[in-house]
Structures are given as C-alpha cells and as structure tokens.
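Engineer: Data: run_6.tsv, TSV, N, CA and C atoms.
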```
chain	number	residue	atom	x	y	z
U	1	MET	N	111.70	67.91	137.67
U	1	MET	CA	112.51	69.12	137.69
U	1	MET	C	113.00	69.40	136.28
U	2	PRO	N	112.83	70.65	135.81
U	2	PRO	CA	113.24	70.96	134.44
U	2	PRO	C	114.76	70.94	134.30
U	3	ARG	N	115.17	70.60	133.08
U	3	ARG	CA	116.60	70.62	132.78
U	3	ARG	C	117.09	72.05	132.68
U	4	LYS	N	118.38	72.23	132.76
U	4	LYS	CA	118.98	73.57	132.67
U	4	LYS	C	118.59	74.22	131.35
U	5	GLY	N	118.14	75.45	131.41
U	5	GLY	CA	117.77	76.18	130.22
U	5	GLY	C	116.32	76.03	129.81
U	6	GLN	N	115.55	75.19	130.50
U	6	GLN	CA	114.14	75.00	130.17
U	6	GLN	C	113.28	75.95	130.99
U	7	PHE	N	112.14	76.30	130.43
U	7	PHE	CA	111.19	77.16	131.12
U	7	PHE	C	110.49	76.39	132.23
U	8	GLN	N	110.38	77.01	133.37
U	8	GLN	CA	109.69	76.39	134.50
U	8	GLN	C	108.41	77.18	134.76
U	9	LYS	N	107.26	76.52	134.71
U	9	LYS	CA	105.99	77.19	134.96
U	9	LYS	C	105.92	77.72	136.37
U	10	ASN	N	105.22	78.83	136.53
U	10	ASN	CA	105.02	79.50	137.82
U	10	ASN	C	106.33	79.94	138.46
U	11	ASN	N	107.32	80.21	137.63
U	11	ASN	CA	108.60	80.71	138.12
U	11	ASN	C	108.39	82.12	138.66
U	12	LYS	N	108.89	82.40	139.85
U	12	LYS	CA	108.67	83.72	140.45
U	12	LYS	C	109.39	84.83	139.66
U	13	LEU	N	110.37	84.46	138.86
U	13	LEU	CA	111.08	85.43	138.03
U	13	LEU	C	110.56	85.44	136.61
U	14	GLY	N	109.47	84.74	136.35
U	14	GLY	CA	108.93	84.61	135.00
U	14	GLY	C	108.38	85.91	134.45
U	15	PHE	N	107.94	85.86	133.20
U	15	PHE	CA	107.41	87.01	132.50
U	15	PHE	C	106.14	87.53	133.17
U	16	LYS	N	106.07	88.82	133.36
U	16	LYS	CA	104.88	89.48	133.90
U	16	LYS	C	104.41	90.50	132.86
U	17	PRO	N	103.19	90.35	132.33
U	17	PRO	CA	102.72	91.31	131.34
U	17	PRO	C	102.57	92.70	131.94
U	18	ILE	N	102.83	93.69	131.10
U	18	ILE	CA	102.69	95.08	131.52
U	18	ILE	C	101.29	95.53	131.14
U	19	GLY	N	100.57	96.09	132.08
U	19	GLY	CA	99.22	96.54	131.81
U	19	GLY	C	98.20	95.43	131.99
U	20	ASP	N	96.96	95.75	131.68
U	20	ASP	CA	95.86	94.82	131.88
U	20	ASP	C	95.58	93.94	130.67
U	21	THR	N	96.00	94.36	129.50
U	21	THR	CA	95.70	93.64	128.28
U	21	THR	C	96.74	92.54	128.05
U	22	PRO	N	96.29	91.29	127.90
U	22	PRO	CA	97.25	90.21	127.65
U	22	PRO	C	97.84	90.34	126.25
U	23	LEU	N	99.03	89.80	126.08
U	23	LEU	CA	99.70	89.84	124.78
U	23	LEU	C	99.30	88.63	123.96
U	24	ASP	N	99.29	88.80	122.65
U	24	ASP	CA	98.97	87.71	121.73
U	24	ASP	C	100.08	86.67	121.79
U	25	SER	N	99.72	85.41	121.62
U	25	SER	CA	100.73	84.35	121.66
U	25	SER	C	101.57	84.31	120.39
U	26	LYS	N	101.07	84.93	119.32
U	26	LYS	CA	101.80	84.94	118.05
U	26	LYS	C	102.59	86.25	117.93
U	27	PRO	N	103.91	86.18	117.77
U	27	PRO	CA	104.70	87.41	117.65
U	27	PRO	C	104.58	88.00	116.25
U	28	LEU	N	104.82	89.28	116.16
U	28	LEU	CA	104.86	89.99	114.88
U	28	LEU	C	106.33	90.07	114.46
U	29	THR	N	106.61	89.65	113.24
U	29	THR	CA	107.98	89.70	112.73
U	29	THR	C	108.05	90.71	111.61
U	30	VAL	N	109.00	91.62	111.71
U	30	VAL	CA	109.16	92.67	110.71
U	30	VAL	C	110.63	92.75	110.33
U	31	ARG	N	110.89	92.77	109.05
U	31	ARG	CA	112.27	92.98	108.59
U	31	ARG	C	112.53	94.47	108.53
U	32	LEU	N	113.55	94.91	109.22
U	32	LEU	CA	113.89	96.32	109.28
U	32	LEU	C	115.08	96.61	108.38
U	33	ARG	N	115.26	97.88	108.10
U	33	ARG	CA	116.44	98.28	107.35
U	33	ARG	C	117.67	98.07	108.22
U	34	GLN	N	118.79	97.91	107.58
U	34	GLN	CA	120.04	97.66	108.29
U	34	GLN	C	120.32	98.79	109.28
U	35	GLY	N	120.60	98.44	110.51
U	35	GLY	CA	120.92	99.42	111.54
U	35	GLY	C	119.73	99.87	112.37
U	36	GLN	N	118.50	99.65	111.90
U	36	GLN	CA	117.33	100.11	112.62
U	36	GLN	C	117.12	99.36	113.93
U	37	LEU	N	117.37	98.07	113.95
U	37	LEU	CA	117.13	97.27	115.15
U	37	LEU	C	117.97	97.77	116.32
U	38	GLU	N	119.24	98.01	116.09
U	38	GLU	CA	120.10	98.49	117.16
U	38	GLU	C	119.64	99.85	117.68
U	39	LYS	N	119.23	100.72	116.77
U	39	LYS	CA	118.75	102.05	117.17
U	39	LYS	C	117.43	101.94	117.92
U	40	LEU	N	116.56	101.04	117.48
U	40	LEU	CA	115.27	100.85	118.14
U	40	LEU	C	115.46	100.34	119.57
U	41	LYS	N	116.36	99.39	119.75
U	41	LYS	CA	116.60	98.84	121.07
U	41	LYS	C	117.20	99.85	122.03
U	42	ALA	N	117.76	100.92	121.51
U	42	ALA	CA	118.32	101.98	122.35
U	42	ALA	C	117.24	102.92	122.89
U	43	VAL	N	116.04	102.85	122.33
U	43	VAL	CA	114.93	103.70	122.77
U	43	VAL	C	114.34	103.11	124.05
U	44	PRO	N	114.22	103.91	125.11
U	44	PRO	CA	113.64	103.39	126.36
U	44	PRO	C	112.19	102.92	126.14
U	45	ASN	N	111.87	101.76	126.71
U	45	ASN	CA	110.52	101.20	126.66
U	45	ASN	C	110.02	101.06	125.22
U	46	TRP	N	110.91	100.64	124.31
U	46	TRP	CA	110.58	100.62	122.89
U	46	TRP	C	109.46	99.65	122.54
U	47	GLN	N	109.38	98.52	123.23
U	47	GLN	CA	108.35	97.54	122.88
U	47	GLN	C	106.94	98.06	123.18
U	48	GLU	N	106.77	98.65	124.36
U	48	GLU	CA	105.45	99.18	124.71
U	48	GLU	C	105.09	100.37	123.83
U	49	ARG	N	106.06	101.21	123.54
U	49	ARG	CA	105.80	102.36	122.67
U	49	ARG	C	105.43	101.91	121.26
U	50	LEU	N	106.05	100.84	120.78
U	50	LEU	CA	105.72	100.31	119.47
U	50	LEU	C	104.31	99.74	119.45
U	51	ARG	N	103.91	99.06	120.54
U	51	ARG	CA	102.54	98.54	120.64
U	51	ARG	C	101.53	99.69	120.59
U	52	GLU	N	101.83	100.78	121.27
U	52	GLU	CA	100.94	101.95	121.26
U	52	GLU	C	100.86	102.54	119.85
U	53	TYR	N	101.97	102.57	119.14
U	53	TYR	CA	101.97	103.09	117.78
U	53	TYR	C	101.14	102.19	116.85
U	54	VAL	N	101.21	100.90	117.04
U	54	VAL	CA	100.39	99.97	116.25
U	54	VAL	C	98.92	100.23	116.52
U	55	ASP	N	98.55	100.44	117.78
U	55	ASP	CA	97.15	100.79	118.10
U	55	ASP	C	96.73	102.06	117.37
U	56	GLN	N	97.63	103.03	117.32
U	56	GLN	CA	97.33	104.29	116.63
U	56	GLN	C	97.13	104.05	115.13
U	57	LEU	N	97.98	103.26	114.52
U	57	LEU	CA	97.83	102.95	113.09
U	57	LEU	C	96.50	102.25	112.82
U	58	ILE	N	96.12	101.33	113.68
U	58	ILE	CA	94.86	100.61	113.51
U	58	ILE	C	93.68	101.57	113.63
U	59	SER	N	93.72	102.46	114.60
U	59	SER	CA	92.60	103.39	114.80
U	59	SER	C	92.49	104.41	113.68
U	60	GLU	N	93.59	104.69	112.97
U	60	GLU	CA	93.56	105.62	111.84
U	60	GLU	C	92.96	105.00	110.59
U	61	ASN	N	92.75	103.69	110.59
U	61	ASN	CA	92.21	103.01	109.42
U	61	ASN	C	91.00	102.18	109.83
U	62	PRO	N	89.89	102.83	110.21
U	62	PRO	CA	88.74	102.10	110.74
U	62	PRO	C	88.02	101.23	109.71
U	63	THR	N	88.14	101.51	108.43
U	63	THR	CA	87.43	100.70	107.44
U	63	THR	C	87.94	99.27	107.42
U	64	GLN	N	89.21	99.05	107.61
U	64	GLN	CA	89.76	97.69	107.67
U	64	GLN	C	89.27	96.95	108.90
U	65	ASN	N	89.09	97.65	110.01
U	65	ASN	CA	88.65	97.03	111.25
U	65	ASN	C	87.21	96.53	111.15
U	66	GLU	N	86.37	97.22	110.38
U	66	GLU	CA	84.97	96.84	110.26
U	66	GLU	C	84.79	95.54	109.49
U	67	LYS	N	85.74	95.18	108.60
U	67	LYS	CA	85.63	93.97	107.79
U	67	LYS	C	85.89	92.72	108.60
U	68	GLN	N	86.53	92.83	109.73
U	68	GLN	CA	86.90	91.65	110.51
U	68	GLN	C	85.78	91.16	111.36
```
What does the file become when written as structure tokens?

Structural biologist:
Amino acid sequence: MPRKGQFQKNNKLGFKPIGDTPLDSKPLTVRLRQGQLEKLKAVPNWQERLREYVDQLISENPTQNEKQ
C-alpha cells in the first residue's frame, strides 16, 4: 500500500489524457515574464490551447521538421 502522498498506479482518479495523442514524458519548461503565468492560468483550457499553438508554430516552419 502506498504511503500518503505517493502516486498509486491504476488509480481511478488518476490522470486521463485528453484526446488520442499521448503526451510526451518530458515537460517543456519556459521562463515567462513576470505576471504572465497568473494571466495564462486564468485562460480556460490554457494547456490544450498552448499545445495547439505549438503545433501551429511547428507547421509554420517546415524546414526545421525535415532535418529531424
């Protein structure tokens, strides 16, 4: 039995990914200007919208994608 505060595998309340595409295990860390984080967190569904914007940025720069 896990100790208090530890993650329990197959927890019915555990994380459920949104959509069909799995998320990368490595998080992206970005330093924001002062005050931006609080404003960003006030935007509804900000994490998914940010992921969509990243996809848009990647698709606008196809030459970098071809090198990988």

Engineer: Distance CA of Glu60 in chain U-atom C of Glu48 in chain U, one decimal place?

Structural biologist: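 For CA of Glu60 in chain U relative to atom C of Glu48 in chain U, the distance reads 17.4 Å.
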
Engineer: Quick one, how far is CA of Ile58 in chain U from atom C of Gly35 in chain U?

Structural biologist: 24.9 Å

Engineer: At what distance in Å, to one decimal, does CA of Gln34 in chain U lie from CA of Ser59 in chain U?

Structural biologist: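 So the two atoms, CA of Ser59 in chain U and CA of Gln34 in chain U, lie 28.8 Å apart.
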